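Trainee: Questions regarding the structure given below will be posed in turn.
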Amino acid sequence: MTSWRLVPFFVAALVLIPVGVVSSSFFAPADDIWKHLVETTLPMLLLNTLWLALGVVAGTTLLGVSLAWFTAVYKFPGCNFFSWALLLPLAIPAYVTAFVALGLFDFTGPIQTTLRAWFGTDLFWFPDVRGRLGVIIVMTLAFYPYVYLLARNAFLTQGKRSLEAAQSLGLNRRQGFYKVALPMARPWIAGGVMLVLMETLADFGTVAVFNYDTFTTAIYKAWFSMFSVSAASQLASLLIIVVFILVFWEQQFRSRMRFAETKKSQRADRIQLIGWHNYLVTGYISTILFLAFLLPVLQLSIWAVQSFAQNFGPRYLEFLWHSLSLSALAALITCFVALLMVYAARRYPGSAMRLAVRTATIGYALPGAVLAIGVFVPISWLDSQLSEILLHLFQIETGLLIQGTLITMLIAYMTRFLAVSHYPIDGAMQRITHSIDEAAIGLGLHGWSMIRKIHLPILKSGIFTAATLVFIDVMKEMPITLMTRPLGWDTLAVRIFEMTSEGEWEQAALPSVTLVLAGLIPIILFMRQTEADS
């Protein structure tokens, strides 16, 4: 049992290896590679990434804060429905929303085709959907729930009281929002914005669909088009530095948050909207929900029905089996490691243990393309060393032992999604007090018998939630799967990437619908948990 003490330190070292490998590329640059990058792609990548980050941050802040304020403070038709329905866009991977938007609004899509038929080509004008603005709008619609969720939690603790306090100071509702409610909610909003920034920088599928070059697409192209792992590693080193700066800022904002009990009975009553304000707010929220969730799901369903006979067959079932088996295996391994870490932290608390656990869970902040590079390079080196040893000792030519196998993928998945499994299991572990352990010992239970009969029944819901979240995240993960999968091991996400790369939107619809249905599961779990806590 004392060996559990070493588990978090071992996992932390495992996480730090890819981070260290990628970071070392920045501190040991190859001059010829940097010269090529600076002369060709780096300025464009920096500019594209900067504009994308600024645009998505502005859009998600505007949407997330306004929607959170309306649903938390005001009462209008459908407010209870919208309060949870506005989270539904999280069920749709951003790259799925991207190709649906192109399929509908591109020059040859049904929207522009119909408008040209109505108004003629001379009178009709439509913005370029494939430009920077199109990418920003799609990612804004996909990522605003991060800001919405945190901002709404902040506004719920204020409610009508903040406006009443503002009115007592002689301010009207609008002034009260800007001068009282908004400053009080700023740490939560900033936390949501930081999550959006990290998701934007880590995104690969959306920008690939739009052919909008950022660091993630450049890393992929450097590896698979230029066949240069060194160039990909150099680009990844720049991205990882930016991500760690954002993680530091996010931690600073989180440290400024103050949490208080906000049960339903303690929350202030909502303000009833009257007259045209009712219709204006309801129309605004309905439009956002329609564009971000209902329209993509409706169009996907239409395409899936039209192409079902063509796409549903042994090939699709193979994609589905690969996704399900890979996700289940990753969830099993990740949750098992997380459970060992949680037990180690419980039995041997201390600052060193907390640091090890925190280090082991930083992988979720890293873009999938960066982790793919960071895992691939040391495994490639280990493979070559093992091959030389076996050849030298036993005259056996083995070829690749680890590289190009599921082991590489599973290590990358565990590194990235360990935090997703750790937090639910750790939260469930907090319910097991030391008095429960003492009572179990008094009944003659020790070691594994205590874990099996006392702990696991209490941890069951947390483990189930953790496994579900990891399972869904692995199913939707694109860059790690694309860059580390064995030959022929295609998944639903890979199928979507291949079909959208060729502009075959209908062929990508059926696997996309499967991922959307899977993505609804964690939202349902979250809503059930919210209802239980309220």
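Just remember, in the structure tokens the first chain shown is A, the second B, etc., residues are 1-based per chain, and ligands are 1-based in the order shown.
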Enumerate as number ranges by chain all residues of stretch 93-333 of chain A assigned to alpha helix (DSSP H) by DSSP on the backbone, naming them with the chain letters and numbers the document uses.
Mentor: A: 94-105, 110-123, 132-168, 173-176, 182-202, 205-209, 215-224, 229-255, 276-289, 295-311, 314-333
Trainee: I'd like the contact shell of A:Phe107 - 9 Å cut-off, only C-alpha atoms, skipping same-chain residues fewer than 6 positions apart - returned as a list in words.
Mentor: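 The filter keeps Thr113, Phe126, Asp128 and Val129 of chain A.
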Trainee: Output C-alpha atoms for every residue in the selection just made, as an mmCIF file, in the first residue's frame.
Mentor:
data_model
loop_
_atom_site.group_PDB
_atom_site.id
_atom_site.type_symbol
_atom_site.label_atom_id
_atom_site.label_comp_id
_atom_site.auth_asym_id
_atom_site.auth_seq_id
_atom_site.Cartn_x
_atom_site.Cartn_y
_atom_site.Cartn_z
ATOM 1 C CA THR A 113 -28.063 29.619 -54.007
ATOM 2 C CA PHE A 126 -22.988 37.783 -49.227
ATOM 3 C CA ASP A 128 -17.100 35.389 -47.567
ATOM 4 C CA VAL A 129 -17.947 32.547 -45.190
#
Trainee: Give me the residues within 7 Å of stretch 502-511 of chain A as a PDB file with C-alpha atoms, in the first residue's frame, counting only C-alpha atoms and dropping any in the same chain fewer than 6 places off.
Mentor:
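Printed below is out_4.pdb as written:
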ATOM      1  CA  PHE A  99     -18.475  22.098 -41.744  1.00  0.00           C
ATOM      2  CA  GLY A 103     -22.257  23.403 -46.167  1.00  0.00           C
ATOM      3  CA  LEU A 300     -26.851  17.074 -39.819  1.00  0.00           C
ATOM      4  CA  TRP A 303     -27.715  14.917 -44.427  1.00  0.00           C
ATOM      5  CA  ALA A 304     -27.489  11.765 -42.302  1.00  0.00           C
ATOM      6  CA  SER A 307     -26.691   9.463 -46.951  1.00  0.00           C
ATOM      7  CA  ASN A 311     -22.677   5.276 -45.417  1.00  0.00           C
ATOM      8  CA  LEU A 492     -15.431   8.646 -36.356  1.00  0.00           C
ATOM      9  CA  ARG A 495     -13.697   9.953 -40.864  1.00  0.00           C
ATOM     10  CA  ILE A 496     -15.164  13.429 -40.335  1.00  0.00           C
TER      11      ILE A 496
END
Trainee: Which is closer to A:Leu52 than all the others in A:Leu197, A:Leu298, A:Ile241, A:Leu14, using only C-alpha atoms?
Mentor: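 Of A:Leu197, A:Leu298, A:Ile241, A:Leu14, the one nearest A:Leu52 is A:Leu197, counting only C-alpha atoms.
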Trainee: List the neighbours of A:Val207 out to 7 Å using only C-alpha atoms; skip same-chain residues closer than 5 positions along the sequence, and give me the result as a VMD selection string.
Mentor: chain A and resid 135 212 to 213
Trainee: Neighbours of A:Leu42 within 10 Å (only C-alpha atoms; same-chain residues fewer than 5 positions away dropped), as a list in words?
Mentor: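 The contact residues come out as Trp34, Lys35, His36, Leu37, Leu47, Asn48, Thr214, Phe215, Ala218 and Leu235 of chain A.
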Trainee: Quick one: distance from atom CA of A:Trp84 to atom CA of A:Leu295 in Å, one decimal?
Mentor: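 Computed distance, atom CA of A:Trp84 to atom CA of A:Leu295, equals 17.6 Å.
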Trainee: If I take atom CA of A:Gln272 and atom CA of A:Phe526, how far is one from the other in Å, to one decimal?
Mentor: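 These atoms are spaced 27.3 Å apart.
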Trainee: Using only C-alpha atoms, which of A:Ser501, A:Thr408, A:Ser233, A:Asn80 sits nearest A:Ile480?
Mentor: A:Thr408
Trainee: Could you check the closest approach to A:Leu418 for each of A:Leu443, A:Ala338, A:Ala222, A:Val147 and tell me which residue wins, using only C-alpha atoms?
Mentor: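 Between A:Leu443, A:Ala338, A:Ala222, A:Val147, the residue approaching A:Leu418 most closely is A:Ala338.
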Trainee: Of the candidates A:Ile463, A:Leu386, A:Ile219, A:Leu195, which one gets nearest to A:Thr41 if we count only C-alpha atoms?
Mentor: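 Of the candidates, the smallest distance to A:Thr41 is held by A:Ile219.
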